[in-house]
Amino acid sequence: MHAIGVDIGGTKIAVGVVDAEGAIVEKVRRKTQPENAASIDAAIADAVAELSERHEFHHVGLAAAGFVSSDRRRVLFAPNIAWREYDLADKVEALIGRDDIQVVVENDANAAGWGEYRFGAGRDVSHMIMLTIGTGLGAAIIAEGQLVRGAYGFAAELGHLRVKPGGHPCGCGHRGCWEQYASGSALVREARRAAAERSVRAAGLIERAGGDPAKITGPHVTAAAEDGDELGIELLAELGEWIGAGSASLAAVLDPEAFVVGGGVIGAGEMLLAPARESYLEHLPALGHRPVAPIVAAAMGNDAGIVGAAALAREAAPLQG
């Protein structure tokens, strides 16, 4: 049986029909307004209505970037979308207007992690940590084949582990969170800082940004590194070192079989993952006396959230009545 997976972003949503093997049969997109929660509800319902003309399904999974309630119906808080104690599932179900469709809400990183666990890079393990390295650092924890949500649904906010007291300020209100050092935003911040302080060494990056250091992006850094730019390579290595060091601390607590790394910066490939593995080994407790979990690239790219959300909706408690 097919199910719908919805990956909700701040300015657009991607909606896919997913079969039981994790393949996306059809995908559509809609634009949204992050400051207008109702526009997101309407866009989801519209996409679902379009897809229902060509496919049969009874479950819709919503991958939402925010803190999701333990009943998987509401978004309690989202940093980049106007969701505050928001009854997302109820509102979308009302707009869809069909009694035979059940909507389930899941944190977006959890959804991506479940997609990779069920159908991607983690399909052969039972204990896995997914790290999504994008604007921030999202994560999912799989233990004994189960998604770890915690007592209240807030588990796996690993990006907000404090790794550097008094460090860079974070959007969560604290300082020194892991995502301030292991994210695409951190990469861009350090690249721009380097360009401002060392303009000669950063000439290649500045040129790619049209001559303006303030316009340097993560893809600029990756492209420069791929062309052999020393600063670009160094910046990606530094990001990888933070990923590896943090992962070693997680291994001390959770002892996973594998770390799966996804998100936008994974396009850097081994320029990011090789330094991460080296740093992981450097910081891993009891090295030489324990199995070493591999750090691997996610296999599903941007589709992991859609696939995982659909799978989680399909696997949720059945419709009542």
# chains A, B, ... in the order shown; residues from 1 in each chain; ligands from 1
>>> select_by_dssp(residues="range 18-183 of chain A", states="alpha helix (DSSP H)", output="VMD selection string")
chain A and resid 37 to 52 88 to 96 108 to 119
>>> residues_around(residues="range 277-292 of chain A", least_positions_apart="2", cutoff="10 Å", atoms="only C-alpha atoms", output="PyMOL selection string")
chain A and resi 237-238+240-252+255-258+270+272-275+294-296
>>> closest_atom_pairs(of="range 144-215 of chain A", to="range 72-93 of chain A", cutoff="9 Å", atoms="only C-alpha atoms", output="JSON lines")
{"residue": "A:Gly153", "atom": "CA", "partner": "A:Arg72", "partner_atom": "CA", "distance": 8.1}
{"residue": "A:Gly171", "atom": "CA", "partner": "A:Pro79", "partner_atom": "CA", "distance": 7.7}
{"residue": "A:Cys172", "atom": "CA", "partner": "A:Pro79", "partner_atom": "CA", "distance": 8.2}
>>> closest_residue(among="A:Leu147, A:Val260, A:Met1, A:Ala313", to="Asp19 in chain A", atoms="only C-alpha atoms")
A:Met1
>>> residues_around(residues="range 186-191 of chain A", least_positions_apart="2", cutoff="9 Å", atoms="only C-alpha atoms", output="PyMOL selection string")
chain A and resi 135-136+179-184+193-196+202+205+213+216-218+221+231-232+235-236+238-239
>>> residues_around(residues="Ile101 in chain A", least_positions_apart="4", cutoff="12 Å", atoms="only C-alpha atoms", output="PyMOL selection string")
chain A and resi 2-4+45+48-49+52+56-61+89-90+92-97+313-314+318-320
>>> closest_residue(among="A:Leu312, A:Leu158, A:Val307, A:Ala276", to="Val18 in chain A", atoms="only C-alpha atoms")
A:Val307
>>> closest_residue(among="A:Thr222, A:Gly167, A:Phe67, A:Asp212", to="Ala155 in chain A", atoms="only C-alpha atoms")
A:Phe67
>>> select_by_dssp(residues="range 78-307 of chain A", states="strand (DSSP E)", output="PyMOL selection string")
chain A and resi 84-86+102-107+128-133+137-143+146-147+258-262+295-297
>>> closest_residue(among="A:Ile24, A:Glu234, A:Ala43, A:Leu137", to="Gly9 in chain A", atoms="only C-alpha atoms")
A:Ala43
>>> closest_residue(among="A:Pro219, A:Gly150, A:Gly305, A:Gly145", to="Ala64 in chain A", atoms="only C-alpha atoms")
A:Gly305
>>> atom_distance(atom1="CA of Pro165 in chain A", atom2="CA of Cys177 in chain A")
8.3 Å
>>> closest_residue(among="A:Phe259, A:Tyr152, A:Glu21, A:Val6", to="Ile40 in chain A", atoms="only C-alpha atoms")
A:Val6
>>> residues_around(residues="Glu157 in chain A", least_positions_apart="2", cutoff="10 Å", atoms="only C-alpha atoms", output="PDB file with N, CA and C atoms, in the first residue's frame")
ATOM      1  N   GLY A  66      10.900  20.812  13.791  1.00  0.00           N
ATOM      2  CA  GLY A  66      10.499  21.396  15.057  1.00  0.00           C
ATOM      3  C   GLY A  66      10.334  20.330  16.115  1.00  0.00           C
ATOM      4  N   PHE A  67       9.872  20.746  17.287  1.00  0.00           N
ATOM      5  CA  PHE A  67       9.642  19.844  18.409  1.00  0.00           C
ATOM      6  C   PHE A  67       8.221  19.296  18.282  1.00  0.00           C
ATOM      7  N   ALA A 109      14.244  15.334  11.079  1.00  0.00           N
ATOM      8  CA  ALA A 109      15.460  14.525  11.168  1.00  0.00           C
ATOM      9  C   ALA A 109      15.125  13.077  11.526  1.00  0.00           C
ATOM     10  N   ASN A 110      14.131  12.879  12.400  1.00  0.00           N
ATOM     11  CA  ASN A 110      13.674  11.532  12.698  1.00  0.00           C
ATOM     12  C   ASN A 110      13.176  10.836  11.441  1.00  0.00           C
ATOM     13  N   LEU A 137      22.128  21.218  12.779  1.00  0.00           N
ATOM     14  CA  LEU A 137      22.510  19.819  12.901  1.00  0.00           C
ATOM     15  C   LEU A 137      21.325  19.065  13.494  1.00  0.00           C
ATOM     16  N   GLY A 138      20.651  18.315  12.636  1.00  0.00           N
ATOM     17  CA  GLY A 138      19.559  17.472  13.090  1.00  0.00           C
ATOM     18  C   GLY A 138      20.062  16.060  13.311  1.00  0.00           C
ATOM     19  N   ALA A 139      19.270  15.252  14.006  1.00  0.00           N
ATOM     20  CA  ALA A 139      19.721  13.893  14.299  1.00  0.00           C
ATOM     21  C   ALA A 139      18.537  12.982  14.547  1.00  0.00           C
ATOM     22  N   ALA A 140      18.800  11.696  14.369  1.00  0.00           N
ATOM     23  CA  ALA A 140      17.845  10.648  14.729  1.00  0.00           C
ATOM     24  C   ALA A 140      18.622   9.514  15.365  1.00  0.00           C
ATOM     25  N   ILE A 141      18.016   8.872  16.344  1.00  0.00           N
ATOM     26  CA  ILE A 141      18.630   7.744  17.028  1.00  0.00           C
ATOM     27  C   ILE A 141      17.752   6.511  16.833  1.00  0.00           C
ATOM     28  N   ARG A 149      12.342   8.476  20.670  1.00  0.00           N
ATOM     29  CA  ARG A 149      11.689   9.788  20.743  1.00  0.00           C
ATOM     30  C   ARG A 149      11.771  10.382  22.147  1.00  0.00           C
ATOM     31  N   PHE A 154      10.990  14.737  22.535  1.00  0.00           N
ATOM     32  CA  PHE A 154      12.042  15.717  22.263  1.00  0.00           C
ATOM     33  C   PHE A 154      13.437  15.096  22.133  1.00  0.00           C
ATOM     34  N   ALA A 155      13.530  13.778  22.131  1.00  0.00           N
ATOM     35  CA  ALA A 155      14.847  13.144  22.095  1.00  0.00           C
ATOM     36  C   ALA A 155      15.571  13.433  20.777  1.00  0.00           C
ATOM     37  N   GLY A 159      22.090  18.341  18.073  1.00  0.00           N
ATOM     38  CA  GLY A 159      22.739  19.582  17.677  1.00  0.00           C
ATOM     39  C   GLY A 159      22.863  20.574  18.815  1.00  0.00           C
ATOM     40  N   HIS A 160      22.088  20.361  19.891  1.00  0.00           N
ATOM     41  CA  HIS A 160      22.117  21.297  21.011  1.00  0.00           C
ATOM     42  C   HIS A 160      22.843  20.734  22.226  1.00  0.00           C
ATOM     43  N   LEU A 161      23.650  19.694  22.008  1.00  0.00           N
ATOM     44  CA  LEU A 161      24.613  19.310  23.029  1.00  0.00           C
ATOM     45  C   LEU A 161      25.646  20.422  23.166  1.00  0.00           C
TER      46      LEU A 161
END
>>> residues_around(residues="Arg29 in chain A", least_positions_apart="6", cutoff="9 Å", atoms="only C-alpha atoms", output="MDAnalysis selection string")
chainID A and resid 12:16 43 47
>>> write_last_selection(atoms="all heavy atoms", output="PDB file, in the first residue's frame")
ATOM      1  N   LYS A  12       9.145  25.897   0.882  1.00  0.00           N
ATOM      2  CA  LYS A  12       8.530  24.943  -0.039  1.00  0.00           C
ATOM      3  C   LYS A  12       8.347  23.609   0.667  1.00  0.00           C
ATOM      4  O   LYS A  12       8.986  23.326   1.679  1.00  0.00           O
ATOM      5  CB  LYS A  12       9.397  24.750  -1.291  1.00  0.00           C
ATOM      6  CG  LYS A  12      10.769  24.180  -1.043  1.00  0.00           C
ATOM      7  CD  LYS A  12      11.560  24.059  -2.339  1.00  0.00           C
ATOM      8  CE  LYS A  12      12.944  23.469  -2.137  1.00  0.00           C
ATOM      9  NZ  LYS A  12      13.784  24.282  -1.231  1.00  0.00           N
ATOM     10  N   ILE A  13       7.453  22.815   0.113  1.00  0.00           N
ATOM     11  CA  ILE A  13       7.274  21.456   0.583  1.00  0.00           C
ATOM     12  C   ILE A  13       7.440  20.512  -0.593  1.00  0.00           C
ATOM     13  O   ILE A  13       7.113  20.856  -1.735  1.00  0.00           O
ATOM     14  CB  ILE A  13       5.900  21.235   1.256  1.00  0.00           C
ATOM     15  CG1 ILE A  13       4.764  21.518   0.265  1.00  0.00           C
ATOM     16  CG2 ILE A  13       5.765  22.084   2.497  1.00  0.00           C
ATOM     17  CD1 ILE A  13       3.391  21.118   0.778  1.00  0.00           C
ATOM     18  N   ALA A  14       7.965  19.329  -0.313  1.00  0.00           N
ATOM     19  CA  ALA A  14       8.060  18.260  -1.301  1.00  0.00           C
ATOM     20  C   ALA A  14       7.165  17.135  -0.824  1.00  0.00           C
ATOM     21  O   ALA A  14       7.259  16.698   0.325  1.00  0.00           O
ATOM     22  CB  ALA A  14       9.502  17.781  -1.447  1.00  0.00           C
ATOM     23  N   VAL A  15       6.283  16.667  -1.698  1.00  0.00           N
ATOM     24  CA  VAL A  15       5.277  15.677  -1.350  1.00  0.00           C
ATOM     25  C   VAL A  15       5.416  14.500  -2.295  1.00  0.00           C
ATOM     26  O   VAL A  15       5.377  14.664  -3.520  1.00  0.00           O
ATOM     27  CB  VAL A  15       3.857  16.274  -1.444  1.00  0.00           C
ATOM     28  CG1 VAL A  15       2.812  15.281  -0.951  1.00  0.00           C
ATOM     29  CG2 VAL A  15       3.770  17.579  -0.662  1.00  0.00           C
ATOM     30  N   GLY A  16       5.577  13.302  -1.724  1.00  0.00           N
ATOM     31  CA  GLY A  16       5.795  12.134  -2.561  1.00  0.00           C
ATOM     32  C   GLY A  16       4.890  10.977  -2.211  1.00  0.00           C
ATOM     33  O   GLY A  16       4.540  10.764  -1.051  1.00  0.00           O
ATOM     34  N   ALA A  43      -1.178  24.172   1.409  1.00  0.00           N
ATOM     35  CA  ALA A  43      -0.308  23.617   0.370  1.00  0.00           C
ATOM     36  C   ALA A  43      -0.226  22.096   0.482  1.00  0.00           C
ATOM     37  O   ALA A  43      -0.249  21.376  -0.536  1.00  0.00           O
ATOM     38  CB  ALA A  43       1.081  24.230   0.475  1.00  0.00           C
ATOM     39  N   ALA A  47      -1.624  19.468  -2.404  1.00  0.00           N
ATOM     40  CA  ALA A  47      -0.765  18.449  -3.018  1.00  0.00           C
ATOM     41  C   ALA A  47      -1.344  17.050  -2.817  1.00  0.00           C
ATOM     42  O   ALA A  47      -1.322  16.211  -3.731  1.00  0.00           O
ATOM     43  CB  ALA A  47       0.639  18.535  -2.436  1.00  0.00           C
TER      44      ALA A  47
END
